[in-house]
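Novice: Hey, dropping my_file_12.cif in here, mmCIF, C-alpha atoms and all ligand atoms:
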data_structure
#
loop_
_atom_site.label_atom_id
_atom_site.label_comp_id
_atom_site.auth_asym_id
_atom_site.auth_seq_id
_atom_site.Cartn_x
_atom_site.Cartn_y
_atom_site.Cartn_z
CA MET A 125 -18.91 12.49 17.98
CA LYS A 126 -17.73 9.00 17.22
CA ILE A 127 -15.20 6.50 18.38
CA GLY A 128 -13.11 5.06 15.56
CA ILE A 129 -11.17 1.86 16.09
CA ASP A 130 -8.56 0.72 13.60
CA ILE A 131 -7.27 -2.83 13.83
CA GLY A 132 -4.02 -2.84 11.85
CA GLY A 133 -1.36 -5.42 11.11
CA SER A 134 0.97 -4.20 13.83
CA HIS A 135 -1.19 -1.94 16.04
CA VAL A 136 -4.68 -1.21 17.25
CA GLY A 137 -5.62 2.47 17.30
CA ILE A 138 -8.63 4.01 18.99
CA GLY A 139 -9.64 7.62 18.48
CA VAL A 140 -12.40 10.11 19.12
CA VAL A 141 -13.56 11.78 15.90
CA ASP A 142 -15.64 14.96 15.72
CA ASP A 143 -18.33 15.66 13.10
CA LYS A 144 -15.85 17.39 10.80
CA GLY A 145 -13.64 14.31 10.64
CA ASN A 146 -10.97 15.66 13.02
CA LEU A 147 -9.33 13.31 15.48
CA VAL A 148 -9.81 14.89 18.89
CA GLU A 149 -7.77 12.31 20.72
CA LYS A 150 -6.24 8.95 19.94
CA ILE A 151 -4.30 6.17 21.54
CA GLU A 152 -2.70 3.06 20.11
CA THR A 153 -1.06 -0.14 21.18
CA ASP A 154 1.56 -2.31 19.53
CA ILE A 155 0.29 -5.82 18.84
CA SER A 156 3.25 -7.14 16.91
CA SER A 157 4.70 -8.85 19.98
CA GLU A 158 1.52 -10.64 21.14
CA THR A 159 1.27 -14.30 20.17
CA THR A 160 -1.69 -15.17 17.96
CA GLN A 161 -3.60 -17.04 20.64
CA ASN A 162 -3.40 -14.16 23.09
CA LEU A 163 -3.83 -11.59 20.35
CA LYS A 164 -7.58 -12.06 20.00
CA GLN A 165 -8.21 -11.64 23.73
CA TYR A 166 -5.72 -8.81 23.92
CA ILE A 167 -7.47 -6.86 21.12
CA GLU A 168 -10.92 -7.41 22.65
CA LYS A 169 -9.83 -6.33 26.11
CA TYR A 170 -7.96 -3.29 24.80
CA MET A 171 -11.00 -2.13 22.78
CA GLN A 172 -13.36 -2.61 25.73
CA GLU A 173 -11.17 -0.70 28.18
CA LYS A 174 -10.47 2.26 25.91
CA VAL A 175 -14.09 2.53 24.76
CA LYS A 176 -15.22 2.66 28.40
CA GLN A 177 -12.69 5.42 29.13
CA TYR A 178 -13.64 7.52 26.11
CA LEU A 179 -17.38 7.18 26.75
CA LYS A 180 -16.87 8.50 30.25
CA LYS A 181 -14.77 11.42 29.03
CA TYR A 182 -16.93 12.29 25.99
CA PRO A 183 -20.64 11.70 26.79
CA SER A 184 -21.70 13.04 23.35
CA ILE A 185 -20.30 10.00 21.52
CA GLU A 186 -23.10 8.48 19.44
CA VAL A 187 -21.59 5.64 17.49
CA ILE A 188 -18.60 3.31 17.44
CA GLY A 189 -16.96 2.40 14.15
CA VAL A 190 -14.44 -0.38 13.73
CA ALA A 191 -12.13 -0.77 10.73
CA SER A 192 -10.66 -4.22 10.44
CA PRO A 193 -8.80 -6.35 7.93
CA GLY A 194 -10.68 -9.42 6.74
CA THR A 195 -14.36 -9.86 5.86
CA PRO A 196 -16.88 -8.16 8.17
CA GLN A 197 -20.44 -9.47 8.25
CA GLY A 198 -23.02 -8.63 10.88
CA GLY A 199 -20.56 -7.33 13.46
CA THR A 200 -18.19 -10.27 13.18
CA VAL A 201 -15.02 -10.26 11.12
CA THR A 202 -13.62 -13.43 9.58
CA ALA A 203 -10.40 -14.27 7.74
CA LEU A 204 -8.01 -11.82 9.42
CA TRP A 205 -5.19 -13.87 7.98
CA ASN A 206 -2.44 -11.31 8.42
CA LEU A 207 -3.10 -11.43 12.17
CA GLY A 208 -3.55 -15.21 12.21
CA ILE A 209 -7.13 -14.77 13.49
CA GLU A 210 -9.98 -16.77 11.98
CA GLU A 211 -12.88 -14.92 13.61
CA LEU A 212 -13.25 -11.79 15.73
CA LYS A 213 -16.65 -11.05 17.26
CA VAL A 214 -16.21 -7.30 17.39
CA GLU A 215 -19.80 -6.22 18.02
CA GLU A 216 -20.48 -8.88 20.65
CA SER A 217 -17.32 -7.88 22.47
CA LEU A 218 -18.12 -4.14 22.45
CA LYS A 219 -21.76 -4.67 23.41
CA LYS A 220 -20.47 -5.87 26.77
CA VAL A 221 -19.29 -2.34 27.60
CA CYS A 222 -21.75 -0.07 25.77
CA SER A 223 -25.19 0.12 24.17
CA LEU A 224 -24.32 2.44 21.26
CA PRO A 225 -24.70 1.47 17.59
CA ILE A 226 -21.62 -0.35 16.34
CA ILE A 227 -20.49 -0.33 12.72
CA VAL A 228 -17.85 -2.84 11.63
CA ARG A 229 -16.16 -2.25 8.30
CA ASN A 230 -13.31 -3.54 6.21
CA ASP A 231 -10.28 -1.28 6.76
CA ALA A 232 -9.84 -0.25 3.12
CA LYS A 233 -13.53 0.66 2.91
CA ALA A 234 -13.37 2.71 6.11
CA ALA A 235 -10.34 4.61 4.76
CA ALA A 236 -12.17 5.10 1.46
CA ILE A 237 -15.18 6.60 3.24
CA ALA A 238 -12.93 9.00 5.13
CA GLU A 239 -11.29 10.15 1.88
CA LYS A 240 -14.70 10.48 0.23
CA LYS A 241 -16.22 12.55 3.02
CA PHE A 242 -13.24 14.56 4.23
CA GLY A 243 -10.23 13.93 1.96
CA SER A 244 -9.11 13.92 -1.65
CA LEU A 245 -12.24 12.21 -3.07
CA LYS A 246 -14.60 14.85 -1.66
CA PRO A 247 -15.21 16.62 -5.01
CA TYR A 248 -16.16 13.41 -6.87
CA GLN A 249 -19.39 11.40 -6.99
CA ASP A 250 -18.07 8.39 -8.92
CA ALA A 251 -14.75 7.30 -7.47
CA ILE A 252 -12.53 4.37 -6.62
CA PHE A 253 -10.23 4.04 -3.63
CA LEU A 254 -7.34 1.64 -3.93
CA CYS A 255 -5.05 0.64 -1.13
CA PRO A 256 -1.94 -1.31 -2.18
CA GLY A 257 -0.35 -2.73 0.97
CA THR A 258 0.11 -6.35 2.02
CA GLY A 259 -2.69 -7.03 -0.47
CA ILE A 260 -4.81 -4.54 -2.41
CA GLY A 261 -7.99 -3.36 -0.74
CA GLY A 262 -10.52 -1.08 -2.31
CA ALA A 263 -13.91 0.54 -2.49
CA THR A 264 -16.12 2.10 -5.14
CA PHE A 265 -18.50 5.05 -4.92
CA ILE A 266 -21.24 5.49 -7.48
CA ASP A 267 -23.27 8.68 -7.30
CA GLY A 268 -21.70 9.44 -3.93
CA LYS A 269 -22.69 6.12 -2.34
CA LEU A 270 -20.43 3.29 -1.36
CA LEU A 271 -21.19 0.32 -3.57
CA THR A 272 -22.42 -2.30 -1.09
CA PRO A 273 -23.54 -5.69 -2.36
CA LYS A 274 -25.95 -7.73 -0.20
CA ARG A 275 -24.06 -10.99 0.23
CA TYR A 276 -20.46 -9.91 0.91
CA PRO A 277 -18.74 -6.51 1.10
CA GLY A 278 -17.38 -7.01 -2.45
CA MET A 279 -14.77 -4.95 -4.31
CA GLU A 280 -12.10 -7.56 -3.69
CA ILE A 281 -9.99 -5.63 -6.17
CA GLY A 282 -6.85 -7.48 -5.14
CA HIS A 283 -8.29 -10.79 -6.26
CA MET A 284 -9.28 -10.03 -9.82
CA ILE A 285 -7.16 -12.25 -12.03
CA ILE A 286 -4.81 -10.39 -14.33
CA GLN A 287 -2.58 -13.32 -15.36
CA LYS A 288 -3.69 -16.80 -16.48
CA ASP A 289 -1.96 -19.50 -14.38
CA GLY A 290 -0.04 -16.71 -12.65
CA LYS A 291 1.43 -16.48 -9.16
CA GLN A 292 -0.31 -18.38 -6.36
CA CYS A 293 -2.41 -16.09 -4.17
CA ALA A 294 -3.23 -16.66 -0.47
CA CYS A 295 -6.93 -16.75 -1.46
CA GLY A 296 -6.42 -19.99 -3.42
CA LYS A 297 -6.60 -18.51 -6.92
CA LYS A 298 -3.68 -17.88 -9.25
CA GLY A 299 -2.65 -14.66 -10.96
CA CYS A 300 -4.55 -12.26 -8.68
CA PHE A 301 -3.88 -8.52 -9.08
CA GLU A 302 -2.34 -8.31 -5.60
CA THR A 303 0.22 -11.03 -6.31
CA TYR A 304 1.75 -8.54 -8.82
CA ALA A 305 0.78 -5.03 -7.73
CA SER A 306 0.71 -4.98 -3.91
CA MET A 307 3.45 -3.12 -2.04
CA LYS A 308 4.45 -6.45 -0.55
CA GLN A 309 5.19 -7.83 -4.02
CA LEU A 310 7.15 -4.74 -5.01
CA LYS A 311 9.22 -5.12 -1.86
CA LYS A 312 9.82 -8.78 -2.64
CA ARG A 313 11.07 -7.97 -6.14
CA VAL A 314 13.34 -5.17 -4.87
CA ILE A 315 14.82 -7.53 -2.27
CA GLU A 316 15.43 -10.13 -5.00
CA VAL A 317 17.15 -7.88 -7.53
CA LEU A 318 19.26 -5.97 -5.00
CA ASP A 319 19.99 -9.09 -2.94
CA LEU A 320 18.89 -7.49 0.35
CA PRO A 321 17.94 -9.04 3.70
CA LYS A 322 14.36 -10.36 3.78
CA GLU A 323 12.89 -8.06 6.44
CA ILE A 324 12.65 -4.38 5.47
CA GLU A 325 10.20 -1.77 6.75
CA ALA A 326 8.29 0.46 4.31
CA LYS A 327 10.37 3.53 5.26
CA LYS A 328 13.62 1.65 4.64
CA LEU A 329 12.28 0.39 1.32
CA LEU A 330 11.63 3.98 0.28
CA ALA A 331 15.19 4.98 1.17
CA ILE A 332 16.56 2.00 -0.77
CA LEU A 333 14.45 2.77 -3.82
CA LYS A 334 15.61 6.39 -3.76
CA GLU A 335 19.23 5.38 -3.41
CA HIS A 336 19.17 2.85 -6.25
CA GLN A 337 16.55 4.38 -8.53
CA GLN A 338 18.95 5.14 -11.39
CA GLU A 339 20.10 1.52 -11.59
CA GLU A 340 18.73 -0.27 -14.62
CA LYS A 341 17.63 -3.43 -12.81
CA LEU A 342 15.61 -1.38 -10.34
CA GLN A 343 14.10 0.75 -13.10
CA GLU A 344 12.90 -2.49 -14.69
CA VAL A 345 11.32 -3.70 -11.44
CA ILE A 346 9.51 -0.39 -10.93
CA LEU A 347 8.28 -0.28 -14.53
CA GLU A 348 7.08 -3.88 -14.36
CA TYR A 349 5.25 -3.13 -11.08
CA LEU A 350 3.57 -0.04 -12.55
CA GLU A 351 2.54 -1.92 -15.69
CA TYR A 352 0.74 -4.53 -13.59
CA LEU A 353 -0.87 -1.77 -11.55
CA ILE A 354 -2.08 -0.12 -14.76
CA ILE A 355 -3.66 -3.39 -15.99
CA GLY A 356 -5.76 -3.47 -12.81
CA LEU A 357 -6.58 0.24 -13.07
CA SER A 358 -7.60 -0.14 -16.68
CA ASN A 359 -10.04 -2.94 -15.80
CA LEU A 360 -11.54 -0.92 -12.97
CA ILE A 361 -11.90 2.19 -15.11
CA ASP A 362 -13.62 0.34 -17.94
CA ILE A 363 -16.08 -1.30 -15.55
CA PHE A 364 -16.91 1.62 -13.23
CA GLU A 365 -15.91 4.70 -15.25
CA PRO A 366 -14.88 6.68 -12.15
CA GLU A 367 -14.20 10.41 -12.19
CA ALA A 368 -11.24 9.88 -9.85
CA ILE A 369 -9.09 7.12 -8.38
CA CYS A 370 -7.39 7.66 -5.04
CA PHE A 371 -4.38 5.67 -3.78
CA GLY A 372 -4.03 5.17 -0.06
CA GLY A 373 -2.01 3.10 2.40
CA SER A 374 1.78 3.22 2.30
CA PHE A 375 1.61 4.01 -1.44
CA VAL A 376 1.32 7.70 -0.52
CA TYR A 377 4.92 7.73 0.74
CA PHE A 378 6.15 6.74 -2.74
CA LYS A 379 4.89 9.81 -4.58
CA ASP A 380 7.98 10.57 -6.72
CA ILE A 381 9.06 7.00 -7.33
CA LEU A 382 5.71 5.34 -7.97
CA PHE A 383 2.75 7.70 -8.17
CA ASP A 384 4.21 10.41 -10.44
CA ARG A 385 5.57 7.78 -12.82
CA LEU A 386 2.28 5.93 -12.79
CA VAL A 387 0.45 9.11 -13.82
CA THR A 388 2.93 9.77 -16.65
CA ILE A 389 2.76 6.23 -18.08
CA PHE A 390 -0.99 6.08 -17.67
CA GLU A 391 -1.51 9.36 -19.53
CA GLU A 392 0.86 8.36 -22.32
CA ARG A 393 -0.60 4.95 -22.98
CA ARG A 394 -4.27 5.51 -22.23
CA TYR A 395 -5.01 1.80 -21.78
CA VAL A 396 -8.73 2.38 -21.38
CA PHE A 397 -11.81 2.13 -23.54
CA ASN A 398 -12.81 5.80 -23.33
CA LYS A 399 -9.49 7.50 -24.03
CA GLU A 400 -10.61 11.12 -24.29
CA THR A 401 -11.37 11.82 -20.64
CA LEU A 402 -9.16 9.93 -18.21
CA PRO A 403 -10.07 9.83 -14.52
CA VAL A 404 -8.09 12.00 -12.13
CA LEU A 405 -5.45 9.99 -10.23
CA THR A 406 -4.86 11.28 -6.73
CA LEU A 407 -3.22 10.38 -3.42
CA ALA A 408 -5.00 9.96 -0.08
CA THR A 409 -4.66 12.96 2.25
CA LEU A 410 -5.71 11.58 5.64
CA GLY A 411 -2.77 9.22 6.13
CA ASN A 412 -2.84 6.41 8.65
CA ASP A 413 -5.80 7.87 10.54
CA ALA A 414 -8.20 7.39 7.63
CA GLY A 415 -9.53 4.03 8.89
CA MET A 416 -10.35 5.51 12.29
CA ILE A 417 -12.00 8.57 10.76
CA GLY A 418 -14.16 6.67 8.26
CA ALA A 419 -15.15 3.63 10.31
CA GLY A 420 -18.11 5.21 12.12
CA GLU A 421 -19.56 7.26 9.25
CA ARG A 422 -23.23 6.32 8.93
CA ASP A 423 -24.05 8.12 5.67
CA PHE A 424 -22.52 5.43 3.46
ZN ZN B 1 -6.36 -13.83 -4.62
#
Rewrite the structure from the file as C-alpha cells, please.

Specialist:
Amino acid sequence: MKIGIDIGGSHVGIGVVDDKGNLVEKIETDISSETTQNLKQYIEKYMQEKVKQYLKKYPSIEVIGVASPGTPQGGTVTALWNLGIEELKVEESLKKVCSLPIIVRNDAKAAAIAEKKFGSLKPYQDAIFLCPGTGIGGATFIDGKLLTPKRYPGMEIGHMIIQKDGKQCACGKKGCFETYASMKQLKKRVIEVLDLPKEIEAKKLLAILKEHQQEEKLQEVILEYLEYLIIGLSNLIDIFEPEAICFGGSFVYFKDILFDRLVTIFEERRYVFNKETLPVLTLATLGNDAGMIGAGERDF
C-alpha cells in the first residue's frame, strides 16, 4: 500500500492507494483561502498530520508519493508559481513524521504514471500524456518507461515555442505552446469574445461553451484553439512517434466540444510526418485522483 499526496492549485488531497491502483480512502483540504505566507506551513502541517494518521491506521503502507506542481528535484519542489511558493521541502518535512521512502514527482508526471499503469495508456508501450490546464504538463513513455532525463524532469511540453515572437509566457519566453493551447487560454478567449465576467470555473465554462457552441465567433475560437493544440501534437508525434496520446486534467470534461473535434480535424489533416498510421488519441480515465494514484509508483 502507498500514501499518495496531491498538491493542487486549490486543494491538497491525501489518499491511501492499494496495489491495484484503487483509492482505499482519501481526504482533502481547501487551500484557496490560505494566504501565501501561511500556505507553505499549512500544507506541510496538513501533510504531516494526515500521514501520521494513515500510517497508524494502515501499517502495511510502504511508500509515500507526492505529486506537486513546479519542478521537483531531490525531494524539494521549486517554482510552484500558481501557489505563490518558491520552494517546498516536501521530503524534509515528511521525514519528520516517518522513515518510509518518499517519492516527489511533478503532478502531470504522476497522473501520467497512473494512466500508464492503471488507466487508458495501459495497452501502450510508447505513449505521451498531455495535461492542458493552467499550463500544459506532460510526460513521455518509451518502451514502457517514463522518459527521465538526469538534470531536470524534462518534458516541459507547455514551453516549446510554436509561434515566433508570440504571446509572453510566465517562463520568460515568448510564443510557448501553453500560451495558446492551455485551458486557461481557451477560457480567456471565450471570455473575450462573449464579453463575460473574468472569473469563471471550469464547469461554468463548459456550460457556456455548450450554450453558445453554434455561434460563429465561438466556433472560430474553438477551431483556433484546436489548431494550436494540433501544432503541438504534431511536433510531439514527429519527435517521439507514440502509439497513443492521452489527454488528462480538466480537458476530459470537454469531450464533445474539444476532444471529438480534435480527433476529427487531426484525422482529416494528418499534420504529421508518418501519415499512414496515426497514434490513438484518448482521454484519461482516472480523473482527479490520478496524481494521488501515480505519485508513489516505484516502477517508473
Ligand atoms: Zn513558457

Novice: Residues near Pro403 of chain A, anyone? I mean within 10 Å using all atoms listed in the file, not counting same-chain ones fewer than 4 positions away, as a ChimeraX atom specification.

Specialist: /A:250-252,361,365-369,391,399

Novice: Just give me the gap between atom CA of Asn412 of chain A and atom CA of Ser374 of chain A in Å, one decimal is fine.

Specialist: 8.5 Å

Novice: Take atom CA of Ala235 of chain A and atom CA of Leu218 of chain A and report the distance between them in Å, one decimal.

Specialist: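 Rounded to one decimal, the two atoms are 21.2 Å apart.
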
Novice: Excluding Val221 of chain A and residues on its chain fewer than 3 positions from it, collect all residues at most 8 Å away from it, counting all atoms listed in the file, and give them as a list of chain:residue names.

Specialist: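 Counting only the stated atoms, we get A:Gln172, A:Val175, A:Lys176, A:Ser217, A:Leu218.
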
Novice: Keeping C-alpha atoms, export the residues of the selection given above as a PDB file, in the coordinates of the input.

Specialist:
ATOM      1  CA  GLN A 172     -13.360  -2.610  25.730  1.00  0.00           C
ATOM      2  CA  VAL A 175     -14.090   2.530  24.760  1.00  0.00           C
ATOM      3  CA  LYS A 176     -15.220   2.660  28.400  1.00  0.00           C
ATOM      4  CA  SER A 217     -17.320  -7.880  22.470  1.00  0.00           C
ATOM      5  CA  LEU A 218     -18.120  -4.140  22.450  1.00  0.00           C
TER       6      LEU A 218
END

Novice: Would you mind listing what lies within 9 Å of Tyr349 of chain A as a list of chain:residue names, with all atoms listed in the file counted and same-chain residues fewer than 4 positions away left out?

Specialist: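 So the residues in contact are A:Tyr304, A:Ala305, A:Ser306, A:Gln309, A:Leu310, A:Glu344, A:Val345, A:Leu353, A:Ile354.
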
Novice: Please provide as a count of residues only all residues within 10 Å of Lys288 of chain A, with the sequence filter that same-chain residues fewer than 4 positions apart are discarded (counting all atoms listed in the file).

Specialist: 3

Novice: Have a look at A:Lys144, A:Lys297, A:Lys164, A:Lys219 and name the one nearest to ligand ZN 1 (chain B); count only C-alpha atoms and all ligand atoms.

Specialist: A:Lys297

Novice: Once you count all atoms listed in the file, which residues end up within 12 Å of ligand ZN 1 (chain B), and could you hand them over as a PyMOL selection string?

Specialist: chain A and resi 258-261+280-287+290-306

Novice: If we count all atoms listed in the file, what is near Ile355 of chain A at a cut-off of 8 Å, once residues fewer than 4 positions away on the same chain are taken out, given as a ChimeraX atom specification?

Specialist: /A:286,351,359,395

Novice: Quick one: of A:Ala238, A:Ile209, A:Leu204, A:Val214, who's nearest to Gly420 of chain A, counting only C-alpha atoms?

Specialist: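 Looking only at the distances to Gly420 of chain A, the closest residue turns out to be A:Ala238.
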
Novice: Using Å and a single decimal, report how far atom CA of Leu410 of chain A sits from atom CA of Gly372 of chain A.

Specialist: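 Between these atoms lies a distance of 8.7 Å.
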
Novice: Of the candidates A:Lys312, A:Lys274, A:Arg229, A:Lys213, which shows the shortest atom-to-atom distance to Ile324 of chain A, using all atoms listed in the file?

Specialist: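 Going through A:Lys312, A:Lys274, A:Arg229, A:Lys213 one by one, the smallest distance to Ile324 of chain A is for A:Lys312.
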
Novice: Using only C-alpha atoms, which of A:Met307, A:Glu392, A:Ile185, A:Glu339 sits nearest Ala326 of chain A?

Specialist: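 The closest residue to Ala326 of chain A is A:Met307.
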
Novice: Keeping N, CA and C atoms, write segment 282-309 of chain A of the structure just shown out as an mmCIF file, in the first residue's frame.

Specialist:
data_model
loop_
_atom_site.group_PDB
_atom_site.id
_atom_site.type_symbol
_atom_site.label_atom_id
_atom_site.label_comp_id
_atom_site.auth_asym_id
_atom_site.auth_seq_id
_atom_site.Cartn_x
_atom_site.Cartn_y
_atom_site.Cartn_z
ATOM 1 N N GLY A 282 4.639 22.327 -22.409
ATOM 2 C CA GLY A 282 3.972 23.631 -22.471
ATOM 3 C C GLY A 282 4.888 24.763 -22.902
ATOM 4 N N HIS A 283 6.186 24.541 -22.820
ATOM 5 C CA HIS A 283 7.108 25.635 -23.128
ATOM 6 C C HIS A 283 7.883 25.433 -24.422
ATOM 7 N N MET A 284 7.389 24.546 -25.283
ATOM 8 C CA MET A 284 8.014 24.510 -26.610
ATOM 9 C C MET A 284 7.391 25.664 -27.404
ATOM 10 N N ILE A 285 8.238 26.358 -28.128
ATOM 11 C CA ILE A 285 7.763 27.551 -28.839
ATOM 12 C C ILE A 285 7.065 27.142 -30.133
ATOM 13 N N ILE A 286 5.846 27.628 -30.309
ATOM 14 C CA ILE A 286 5.127 27.307 -31.541
ATOM 15 C C ILE A 286 4.833 28.572 -32.356
ATOM 16 N N GLN A 287 5.254 29.728 -31.834
ATOM 17 C CA GLN A 287 4.996 30.986 -32.552
ATOM 18 C C GLN A 287 6.156 31.950 -32.305
ATOM 19 N N LYS A 288 6.833 32.376 -33.375
ATOM 20 C CA LYS A 288 7.951 33.314 -33.227
ATOM 21 C C LYS A 288 7.420 34.656 -32.716
ATOM 22 N N ASP A 289 8.104 35.226 -31.707
ATOM 23 C CA ASP A 289 7.675 36.495 -31.101
ATOM 24 C C ASP A 289 6.198 36.466 -30.705
ATOM 25 N N GLY A 290 5.748 35.329 -30.216
ATOM 26 C CA GLY A 290 4.335 35.179 -29.849
ATOM 27 C C GLY A 290 4.025 35.738 -28.465
ATOM 28 N N LYS A 291 2.940 35.229 -27.879
ATOM 29 C CA LYS A 291 2.495 35.745 -26.577
ATOM 30 C C LYS A 291 3.544 35.513 -25.493
ATOM 31 N N GLN A 292 3.625 36.453 -24.559
ATOM 32 C CA GLN A 292 4.574 36.351 -23.444
ATOM 33 C C GLN A 292 4.143 35.219 -22.502
ATOM 34 N N CYS A 293 5.075 34.346 -22.173
ATOM 35 C CA CYS A 293 4.776 33.251 -21.243
ATOM 36 C C CYS A 293 5.344 33.598 -19.867
ATOM 37 N N ALA A 294 4.760 33.008 -18.816
ATOM 38 C CA ALA A 294 5.249 33.232 -17.444
ATOM 39 C C ALA A 294 6.686 32.746 -17.257
ATOM 40 N N CYS A 295 7.156 31.847 -18.127
ATOM 41 C CA CYS A 295 8.515 31.308 -18.006
ATOM 42 C C CYS A 295 9.573 32.273 -18.524
ATOM 43 N N GLY A 296 9.150 33.346 -19.191
ATOM 44 C CA GLY A 296 10.107 34.322 -19.715
ATOM 45 C C GLY A 296 10.254 34.265 -21.235
ATOM 46 N N LYS A 297 9.851 33.139 -21.827
ATOM 47 C CA LYS A 297 9.950 33.036 -23.292
ATOM 48 C C LYS A 297 8.671 33.586 -23.929
ATOM 49 N N LYS A 298 8.703 33.681 -25.249
ATOM 50 C CA LYS A 298 7.510 34.133 -25.982
ATOM 51 C C LYS A 298 7.037 33.054 -26.936
ATOM 52 N N GLY A 299 5.714 32.948 -27.079
ATOM 53 C CA GLY A 299 5.163 32.019 -28.062
ATOM 54 C C GLY A 299 5.125 30.573 -27.625
ATOM 55 N N CYS A 300 5.177 30.325 -26.302
ATOM 56 C CA CYS A 300 5.126 28.942 -25.805
ATOM 57 C C CYS A 300 3.767 28.296 -26.118
ATOM 58 N N PHE A 301 3.810 26.988 -26.327
ATOM 59 C CA PHE A 301 2.615 26.174 -26.604
ATOM 60 C C PHE A 301 1.478 26.496 -25.630
ATOM 61 N N GLU A 302 1.814 26.604 -24.336
ATOM 62 C CA GLU A 302 0.735 26.793 -23.347
ATOM 63 C C GLU A 302 0.125 28.184 -23.372
ATOM 64 N N THR A 303 0.801 29.152 -24.006
ATOM 65 C CA THR A 303 0.164 30.476 -24.099
ATOM 66 C C THR A 303 -0.914 30.479 -25.192
ATOM 67 N N TYR A 304 -1.044 29.384 -25.939
ATOM 68 C CA TYR A 304 -2.089 29.258 -26.964
ATOM 69 C C TYR A 304 -3.044 28.094 -26.698
ATOM 70 N N ALA A 305 -2.520 27.000 -26.128
ATOM 71 C CA ALA A 305 -3.332 25.775 -26.094
ATOM 72 C C ALA A 305 -3.665 25.265 -24.688
ATOM 73 N N SER A 306 -3.407 26.073 -23.635
ATOM 74 C CA SER A 306 -3.836 25.639 -22.301
ATOM 75 C C SER A 306 -5.334 25.926 -22.153
ATOM 76 N N MET A 307 -5.954 25.293 -21.172
ATOM 77 C CA MET A 307 -7.371 25.550 -20.918
ATOM 78 C C MET A 307 -7.560 26.993 -20.442
ATOM 79 N N LYS A 308 -6.552 27.499 -19.745
ATOM 80 C CA LYS A 308 -6.622 28.872 -19.259
ATOM 81 C C LYS A 308 -6.728 29.856 -20.438
ATOM 82 N N GLN A 309 -5.970 29.585 -21.489
ATOM 83 C CA GLN A 309 -6.005 30.471 -22.656
ATOM 84 C C GLN A 309 -7.327 30.360 -23.390
#
